[in-house]
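S.K.: Handing you a structure now.
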Amino acid sequence: MTPSSDLPPWLISGVADIVLTSSPTPTGVLNLELRHVMVNQALGKLYGVDPRTATGSTPVQLLGHLGGQIEQRCRAVVGTGRAELGHVVTGVPSTSPEGEVHWQVDCLPISHENGPPGALLLVVTDITARTRAMRSLNEQRRSLAYQASHDPVTGLANRFQLLEVLQYHLSGQSFPNVLMVDLDGFKEVNDVHGHAAGDQVLATIADRLRSSVRTEDLVARYGGDEFVLVIRPNVDAQAFAERLVDLIADPIPWAGKQLSVGASIGVAEAGPGDSVSGLLHRADEAMYEVKADRKGA
């Protein structure tokens, strides 16, 4: 660490006690023009420069955009005299080919007898590994949360998420329409063409149902070849169900063939006093009535 002669003796002696050449913590001193007056070995290594050549340079000159973020924090200290602690700067140092880094920057004023800052103490902590690990952990958590609440074949909400959403509506005295959709002829598709064809049918029907509702509505795979839609109140749910029947009946291409399934849809409108299980049971009963009427027709 090489002290510059442009600092008063009291400041040099005070800083020397704090910024030790052998300190493993990346530490430096900036004058009020934000030029490095002292750079220890650890900070030089983090910057990717020789500490001796860093003296007199600004963070921007050494690090580009990343240095600009550091200077922004330190400039605030010059203006207010208050420490700027724990700020995270992110970028790619101009001196390093290793990619984006994340550094925590602490910038503290150095003053004499409670006067205005005469220089700034800069402490930089490399938190790149920790940040990347946290990001990876958060991604894993999001992935697990998605898997726990979505059906793997269709990407729709699964039964668990459906029950949560219905409970949320009923607890908040919001009374949506519930449509229970059961595919007709799906077993024959599986038996004749195999489960891959069946999965393609499920995924295609799921896309059609998803595209037919608003973002605030919910489409869930209830199980097997059954789907449940939770849609806004004040909608003609019976007319909507009839449109869905036509939509589902459109042929589905598969391996040079056209696969077809039908649908029976039961509708139940939620109301005060409904339970989740009771509401789904009413929609299920309505669906079986539709199915029985079709068979009897």
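Ligands are numbered from 1 in the order shown, residues from 1 within each chain, and chains are lettered A, B, ... in the order they appear in the structure tokens.
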Residues within 12 Å of segment 194-207 of chain A, please, as JSON, numbers by chain. Count only C-alpha atoms; anything in the same chain fewer than 3 positions from it doesn't count.

M.R.: {"A": [151, 152, 153, 154, 155, 156, 157, 158, 181, 182, 183, 184, 185, 186, 187, 188, 189, 190, 191, 210, 211, 212, 213, 218, 219, 220, 221, 222, 223, 224, 225, 226, 227, 228, 229, 244, 245, 246, 247, 248, 249, 250, 251, 252, 253, 254, 255, 256, 257, 258, 259, 260, 261, 262, 263]}

S.K.: Mind listing the strand (DSSP E or B) residues of segment 66-222 of chain A, per DSSP on the backbone, as a PyMOL selection string?

M.R.: chain A and resi 84-91+101-111+117-126+150+157+177-184+218-222

S.K.: As a VMD selection string, list the residues of segment 31-226 of chain A assigned to helix (DSSP H, G or I) by DSSP on the backbone atoms of this structure.

M.R.: chain A and resid 41 to 47 51 to 54 59 to 63 65 to 80 128 to 149 159 to 171 186 to 193 195 to 211

S.K.: Given the choices A:Met134, A:Val276, A:Cys74, A:Val29, which gets closest to Glu164 of chain A if the distance is worked out from only C-alpha atoms?

M.R.: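 Result for the nearest residue to Glu164 of chain A: A:Val276.
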
S.K.: Quick one: everything within 12 Å of Arg73 of chain A, counting only C-alpha atoms, minus sequence neighbours fewer than 3 positions away in the same chain. Send it as a VMD selection string.

M.R.: chain A and resid 34 59 66 to 70 76 to 89 104 to 109 120 to 124

S.K.: Between A:Ala292, A:Val230, A:Met38, A:Ala145, which residue has the minimum interatomic distance to Phe175 of chain A, considering only C-alpha atoms?

M.R.: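 When distances to Phe175 of chain A are compared using only C-alpha atoms, the smallest one comes from A:Val230.
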
S.K.: Near segment 39-49 of chain A, within 7 Å and counting only C-alpha atoms, which residues show up once chain neighbours fewer than 6 positions away are dropped, as a count of residues only?

M.R.: 11

S.K.: Let me make sure I understand: among A:Met180, A:Leu30, A:Leu144, A:Leu137, which one has the smallest atom-to-atom distance to Gln238 of chain A if we use only C-alpha atoms?

M.R.: A:Met180
